[in-house]
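Below you'll find the structure, written out as structure tokens, and then a few comments.
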Amino acid sequence: MSFRFKQFTIGQDGCAMKVGTDGVLLGAWANGGSRVLDVGTGTGVIALMMAQRFPCAQVTALDIDAGAVRQANENIVAVGWQQRITVLHQSVQEYAQLSDSKGLFDAVVSNPPFFIHALNAPDAKRNLARHADSLPYADLMEAAWHLLKTDGELSVVVPFDYRRRMEDEAIFRGFFLKRECAVKTTERKPARRYLLAFRKHPCVCDREILTIGDDRYQTLTRDFYL
């Protein structure tokens, strides 16, 4: 089943991970620039959202699953943005080793696989998308540090119980937390997801709380949801 946004439609029958709130929030919240990298693009939804929000940006999208790469390309071609978004069948670890990739991007965004030391499900593609074996947080931080410009920003979304691990890996690599958005499903419950943005230099962290469906959520997503 396809998922329709205001400016594009996401086909997702060939991709293990479907369109979800996490990816949409990250695509609507992350800072961009003239060059943006989407790590683990899946259906391409975040890459498309960043291209919509930053009309002058060139977006590179990476995924290690061939089916996801095909799906993302189909979605990008369908909206006619293939001149602005390039999808590569490559890991970010490999991409960061390219001689011309250092300091290339203003922004790196990722809705990364997060399960660590968890039981695998029968679906191999879903495991690849959800389990951090293929993209440990330390590898993501190392690659992002190499790929980002000096004033660039790395933005991620993680479940609440993986937030500390992500922050620890970022700090270990030398990043500083610049922005944090705690995402609640209801006002009275604790946050279930965190949007985190890191920079290479010391900075004051801007913190906010968002509840699904509240005014802040509506403002953040109004240019995308029908």
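Letters A, B, ... mark the chains of the structure tokens in the order given; residue numbers begin at 1 per chain; ligand numbers begin at 1, in order shown.
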| message | Can you tell me which residues surround Cys203 of chain A at a distance of at most 12 Å, considering only C-alpha atoms, apart from same-chain residues fewer than 3 positions away, and format the answer as a ChimeraX atom specification? | response | /A:151,153,175-179,197-200,206
Residues from the last selection, all heavy atoms, saved as a short mmCIF file (atom, residue, chain, number, x, y, z; two decimals), in the first residue's frame:
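Done, and the output landed in selection16.cif:
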data_model
loop_
_atom_site.label_atom_id
_atom_site.label_comp_id
_atom_site.auth_asym_id
_atom_site.auth_seq_id
_atom_site.Cartn_x
_atom_site.Cartn_y
_atom_site.Cartn_z
N ASP A 151 30.83 23.02 10.14
CA ASP A 151 29.63 23.54 10.78
C ASP A 151 28.39 22.71 10.44
O ASP A 151 27.26 23.17 10.59
CB ASP A 151 29.40 25.00 10.38
CG ASP A 151 29.27 25.18 8.86
OD1 ASP A 151 29.55 24.21 8.11
OD2 ASP A 151 28.86 26.28 8.42
N GLU A 153 25.66 19.36 10.58
CA GLU A 153 24.84 18.82 11.68
C GLU A 153 24.36 17.41 11.35
O GLU A 153 23.89 17.14 10.24
CB GLU A 153 23.64 19.74 11.93
CG GLU A 153 22.83 19.37 13.18
CD GLU A 153 21.87 20.48 13.59
OE1 GLU A 153 22.36 21.55 14.05
OE2 GLU A 153 20.65 20.31 13.43
N PHE A 175 31.37 14.78 19.17
CA PHE A 175 30.19 15.60 18.88
C PHE A 175 29.63 16.23 20.16
O PHE A 175 29.84 15.74 21.27
CB PHE A 175 29.09 14.74 18.24
CG PHE A 175 29.27 14.49 16.78
CD1 PHE A 175 29.61 13.21 16.32
CD2 PHE A 175 29.10 15.49 15.85
CE1 PHE A 175 29.76 12.96 14.97
CE2 PHE A 175 29.25 15.26 14.49
CZ PHE A 175 29.59 13.99 14.06
N PHE A 176 28.86 17.30 19.96
CA PHE A 176 28.14 17.97 21.04
C PHE A 176 26.66 18.02 20.67
O PHE A 176 26.32 18.29 19.52
CB PHE A 176 28.68 19.39 21.24
CG PHE A 176 30.11 19.44 21.68
CD1 PHE A 176 31.13 19.41 20.74
CD2 PHE A 176 30.44 19.51 23.03
CE1 PHE A 176 32.47 19.46 21.14
CE2 PHE A 176 31.76 19.55 23.43
CZ PHE A 176 32.78 19.52 22.49
N LEU A 177 25.80 17.78 21.65
CA LEU A 177 24.37 17.82 21.40
C LEU A 177 23.91 19.26 21.22
O LEU A 177 24.09 20.10 22.10
CB LEU A 177 23.61 17.17 22.57
CG LEU A 177 22.10 16.99 22.40
CD1 LEU A 177 21.79 16.08 21.21
CD2 LEU A 177 21.49 16.42 23.67
N LYS A 178 23.33 19.55 20.06
CA LYS A 178 22.86 20.89 19.72
C LYS A 178 21.37 21.06 19.93
O LYS A 178 20.90 22.09 20.41
CB LYS A 178 23.22 21.22 18.27
CG LYS A 178 22.63 22.52 17.73
CD LYS A 178 23.06 23.73 18.56
CE LYS A 178 22.48 25.02 17.97
NZ LYS A 178 22.76 26.18 18.84
N ARG A 179 20.58 20.04 19.55
CA ARG A 179 19.12 20.12 19.68
C ARG A 179 18.59 18.78 20.14
O ARG A 179 19.11 17.72 19.79
CB ARG A 179 18.46 20.48 18.34
CG ARG A 179 18.83 21.87 17.82
CD ARG A 179 17.92 22.27 16.66
NE ARG A 179 18.07 21.36 15.53
CZ ARG A 179 17.07 21.00 14.73
NH1 ARG A 179 15.84 21.43 14.95
NH2 ARG A 179 17.29 20.21 13.71
N ALA A 197 20.18 16.19 17.52
CA ALA A 197 21.04 16.81 16.51
C ALA A 197 22.38 17.15 17.14
O ALA A 197 22.43 17.75 18.22
CB ALA A 197 20.38 18.06 15.93
N PHE A 198 23.46 16.77 16.45
CA PHE A 198 24.81 16.93 16.98
C PHE A 198 25.66 17.80 16.05
O PHE A 198 25.51 17.76 14.83
CB PHE A 198 25.49 15.56 17.11
CG PHE A 198 24.79 14.60 18.02
CD1 PHE A 198 23.91 13.65 17.51
CD2 PHE A 198 25.00 14.64 19.39
CE1 PHE A 198 23.27 12.75 18.35
CE2 PHE A 198 24.35 13.75 20.25
CZ PHE A 198 23.49 12.81 19.72
N ARG A 199 26.56 18.56 16.68
CA ARG A 199 27.52 19.37 15.93
C ARG A 199 28.93 19.10 16.43
O ARG A 199 29.13 18.49 17.49
CB ARG A 199 27.19 20.86 16.06
CG ARG A 199 25.95 21.23 15.23
CD ARG A 199 25.69 22.72 15.26
NE ARG A 199 24.65 23.08 14.29
CZ ARG A 199 24.87 23.65 13.12
NH1 ARG A 199 26.12 23.94 12.76
NH2 ARG A 199 23.89 23.95 12.30
N LYS A 200 29.92 19.59 15.68
CA LYS A 200 31.32 19.28 15.98
C LYS A 200 31.93 20.20 17.03
O LYS A 200 33.02 19.91 17.52
CB LYS A 200 32.15 19.37 14.70
CG LYS A 200 31.89 18.24 13.70
CD LYS A 200 32.83 18.35 12.51
CE LYS A 200 32.69 17.16 11.58
NZ LYS A 200 33.65 17.22 10.46
N ASP A 206 19.41 23.22 22.60
CA ASP A 206 18.02 23.65 22.61
C ASP A 206 17.13 22.43 22.81
O ASP A 206 17.21 21.48 22.04
CB ASP A 206 17.67 24.34 21.29
CG ASP A 206 18.53 25.55 21.02
OD1 ASP A 206 18.82 26.30 21.98
OD2 ASP A 206 18.94 25.75 19.85
#
| Which residues come within 6 Å of segment 156-165 of chain A, counting only C-alpha atoms, excluding same-chain residues fewer than 5 positions away, as a list of chain:residue names? |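 The neighbour list is A:Val109, A:Ser110, A:Asn111, A:Arg192, A:Arg193, A:Tyr194, A:Leu195, A:Leu196.
Atom CA of Met49 of chain A is positioned 23.0 Å from atom CA of Trp145 of chain A.
Once Thr9 of chain A and its same-chain neighbours fewer than 6 positions away are set aside, Ser2, Phe3 and Asn75 of chain A remain within 7 Å of it when counting only C-alpha atoms.
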| Option closest in space to Ala28 of chain A, from A:Ser155, A:Glu94, A:Glu167, A:Gln83 [counting only C-alpha atoms] | A:Ser155
| request: DSSP on the backbone, then: every residue of segment 71-226 of chain A marked helix (DSSP H, G or I), written as number ranges by chain. | output: A: 71-79, 92-96, 124-130, 137-147, 160-173, 215-221
Grab the residues selected above and save them as a short mmCIF file (atom, residue, chain, number, x, y, z; two decimals), in the first residue's frame with N, CA and C atoms.
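What landed in part_13.cif:
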data_model
loop_
_atom_site.label_atom_id
_atom_site.label_comp_id
_atom_site.auth_asym_id
_atom_site.auth_seq_id
_atom_site.Cartn_x
_atom_site.Cartn_y
_atom_site.Cartn_z
N GLN A 71 13.21 0.68 -4.55
CA GLN A 71 11.98 1.34 -4.12
C GLN A 71 12.18 2.85 -4.01
N ALA A 72 13.27 3.26 -3.40
CA ALA A 72 13.54 4.70 -3.26
C ALA A 72 13.68 5.36 -4.63
N ASN A 73 14.39 4.71 -5.53
CA ASN A 73 14.54 5.28 -6.89
C ASN A 73 13.19 5.41 -7.58
N GLU A 74 12.34 4.41 -7.46
CA GLU A 74 11.01 4.48 -8.07
C GLU A 74 10.21 5.66 -7.51
N ASN A 75 10.28 5.85 -6.20
CA ASN A 75 9.53 6.95 -5.58
C ASN A 75 10.07 8.31 -6.01
N ILE A 76 11.36 8.40 -6.17
CA ILE A 76 11.99 9.66 -6.57
C ILE A 76 11.67 9.97 -8.03
N VAL A 77 11.75 8.97 -8.90
CA VAL A 77 11.44 9.16 -10.32
C VAL A 77 9.96 9.54 -10.49
N ALA A 78 9.10 8.95 -9.69
CA ALA A 78 7.67 9.22 -9.80
C ALA A 78 7.33 10.68 -9.57
N VAL A 79 8.10 11.35 -8.72
CA VAL A 79 7.83 12.77 -8.45
C VAL A 79 8.71 13.68 -9.32
N VAL A 92 27.23 3.47 4.63
CA VAL A 92 27.85 4.76 4.95
C VAL A 92 29.32 4.56 5.33
N GLN A 93 29.64 3.38 5.87
CA GLN A 93 31.04 3.10 6.20
C GLN A 93 31.89 3.11 4.93
N GLU A 94 31.39 2.47 3.87
CA GLU A 94 32.11 2.45 2.59
C GLU A 94 32.15 3.84 1.96
N TYR A 95 31.03 4.53 2.02
CA TYR A 95 30.95 5.86 1.40
C TYR A 95 31.93 6.83 2.05
N ALA A 96 32.08 6.72 3.36
CA ALA A 96 32.97 7.63 4.08
C ALA A 96 34.44 7.41 3.73
N ALA A 124 14.48 -11.51 7.11
CA ALA A 124 15.88 -11.06 7.04
C ALA A 124 15.98 -9.58 6.70
N LYS A 125 15.14 -9.10 5.77
CA LYS A 125 15.20 -7.69 5.39
C LYS A 125 14.79 -6.80 6.55
N ARG A 126 13.80 -7.22 7.32
CA ARG A 126 13.37 -6.42 8.47
C ARG A 126 14.46 -6.39 9.53
N ASN A 127 15.14 -7.53 9.71
CA ASN A 127 16.28 -7.54 10.63
C ASN A 127 17.33 -6.54 10.22
N LEU A 128 17.63 -6.51 8.92
CA LEU A 128 18.66 -5.61 8.41
C LEU A 128 18.30 -4.16 8.69
N ALA A 129 17.02 -3.85 8.57
CA ALA A 129 16.56 -2.47 8.75
C ALA A 129 16.47 -2.06 10.21
N ARG A 130 16.23 -3.04 11.11
CA ARG A 130 15.94 -2.71 12.50
C ARG A 130 17.09 -2.99 13.46
N TYR A 137 26.18 2.27 16.25
CA TYR A 137 26.17 3.71 16.48
C TYR A 137 27.56 4.32 16.36
N ALA A 138 28.58 3.59 16.81
CA ALA A 138 29.95 4.10 16.70
C ALA A 138 30.35 4.31 15.25
N ASP A 139 29.94 3.39 14.37
CA ASP A 139 30.24 3.54 12.94
C ASP A 139 29.52 4.73 12.34
N LEU A 140 28.27 4.93 12.74
CA LEU A 140 27.51 6.08 12.24
C LEU A 140 28.19 7.38 12.64
N MET A 141 28.63 7.46 13.91
CA MET A 141 29.28 8.68 14.38
C MET A 141 30.61 8.92 13.67
N GLU A 142 31.38 7.88 13.48
CA GLU A 142 32.66 8.01 12.81
C GLU A 142 32.48 8.48 11.37
N ALA A 143 31.52 7.87 10.67
CA ALA A 143 31.27 8.24 9.28
C ALA A 143 30.74 9.67 9.18
N ALA A 144 29.80 10.02 10.07
CA ALA A 144 29.22 11.37 10.04
C ALA A 144 30.29 12.42 10.31
N TRP A 145 31.18 12.15 11.24
CA TRP A 145 32.25 13.10 11.54
C TRP A 145 33.11 13.36 10.29
N HIS A 146 33.40 12.30 9.56
CA HIS A 146 34.21 12.41 8.35
C HIS A 146 33.46 13.16 7.25
N LEU A 147 32.17 12.90 7.12
CA LEU A 147 31.40 13.40 5.99
C LEU A 147 30.89 14.83 6.17
N PHE A 160 13.47 5.89 23.17
CA PHE A 160 13.92 6.50 24.42
C PHE A 160 14.99 5.66 25.12
N ASP A 161 14.88 4.33 25.02
CA ASP A 161 15.81 3.47 25.75
C ASP A 161 17.14 3.28 25.03
N TYR A 162 17.30 3.88 23.84
CA TYR A 162 18.58 3.86 23.13
C TYR A 162 19.20 5.26 23.05
N ARG A 163 18.52 6.22 23.62
CA ARG A 163 19.00 7.61 23.54
C ARG A 163 20.38 7.76 24.18
N ARG A 164 20.56 7.23 25.40
CA ARG A 164 21.82 7.40 26.11
C ARG A 164 22.98 6.75 25.36
N ARG A 165 22.73 5.59 24.78
CA ARG A 165 23.78 4.91 24.03
C ARG A 165 24.19 5.75 22.81
N MET A 166 23.21 6.32 22.13
CA MET A 166 23.51 7.16 20.97
C MET A 166 24.31 8.39 21.40
N GLU A 167 23.88 9.06 22.47
CA GLU A 167 24.59 10.24 22.94
C GLU A 167 26.01 9.90 23.38
N ASP A 168 26.19 8.79 24.06
CA ASP A 168 27.51 8.39 24.52
C ASP A 168 28.47 8.18 23.35
N GLU A 169 27.98 7.52 22.29
CA GLU A 169 28.83 7.30 21.11
C GLU A 169 29.16 8.62 20.42
N ALA A 170 28.19 9.54 20.40
CA ALA A 170 28.43 10.85 19.79
C ALA A 170 29.49 11.62 20.56
N ILE A 171 29.36 11.65 21.88
CA ILE A 171 30.31 12.37 22.72
C ILE A 171 31.70 11.74 22.62
N PHE A 172 31.75 10.42 22.59
CA PHE A 172 33.04 9.73 22.48
C PHE A 172 33.76 10.14 21.19
N ARG A 173 33.00 10.35 20.12
CA ARG A 173 33.61 10.73 18.85
C ARG A 173 33.99 12.21 18.81
N ASP A 215 -0.04 21.11 18.82
CA ASP A 215 0.18 22.22 17.89
C ASP A 215 1.57 22.17 17.26
N ARG A 216 2.58 21.85 18.06
CA ARG A 216 3.95 21.78 17.54
C ARG A 216 4.05 20.69 16.48
N TYR A 217 3.43 19.56 16.74
CA TYR A 217 3.42 18.44 15.78
C TYR A 217 2.71 18.85 14.49
N GLN A 218 1.58 19.50 14.63
CA GLN A 218 0.82 19.94 13.46
C GLN A 218 1.62 20.93 12.61
N THR A 219 2.30 21.84 13.27
CA THR A 219 3.11 22.83 12.56
C THR A 219 4.27 22.15 11.83
N LEU A 220 4.90 21.20 12.51
CA LEU A 220 6.08 20.52 11.96
C LEU A 220 5.73 19.71 10.71
N THR A 221 4.57 19.09 10.70
CA THR A 221 4.23 18.15 9.63
C THR A 221 3.21 18.68 8.62
#
| With only C-alpha atoms as the basis for distance, which of A:Thr43, A:Gly67, A:Arg35, A:Leu98 is at the shortest distance from Gln12 of chain A? | A:Thr43
| Could you pull out the strand (DSSP E) residues of segment 10-219 of chain A from DSSP and send them as a PyMOL selection string? | chain A and resi 10+35-39+58-63+85-89+105-110+148-159+176-184+193-199+206-211
| remark: With distances taken over only C-alpha atoms, the candidate from A:Gly42, A:Asn31, A:Glu208, A:Leu48 nearest Phe5 of chain A is A:Leu48
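Proximity of A:Val69, A:Val87, A:Leu148, A:Cys15 to Ser101 of chain A, computed with only C-alpha atoms, is greatest for A:Leu148.
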| query | A:Glu180, A:Leu226, A:Lys189, A:Asp63: which is nearest Thr211 of chain A, counting only C-alpha atoms? | reply | A:Lys189
| said: One number please: atom CA of Pro113 of chain A to atom CA of Ser91 of chain A, in Å, one decimal. | reply: 12.8 Å
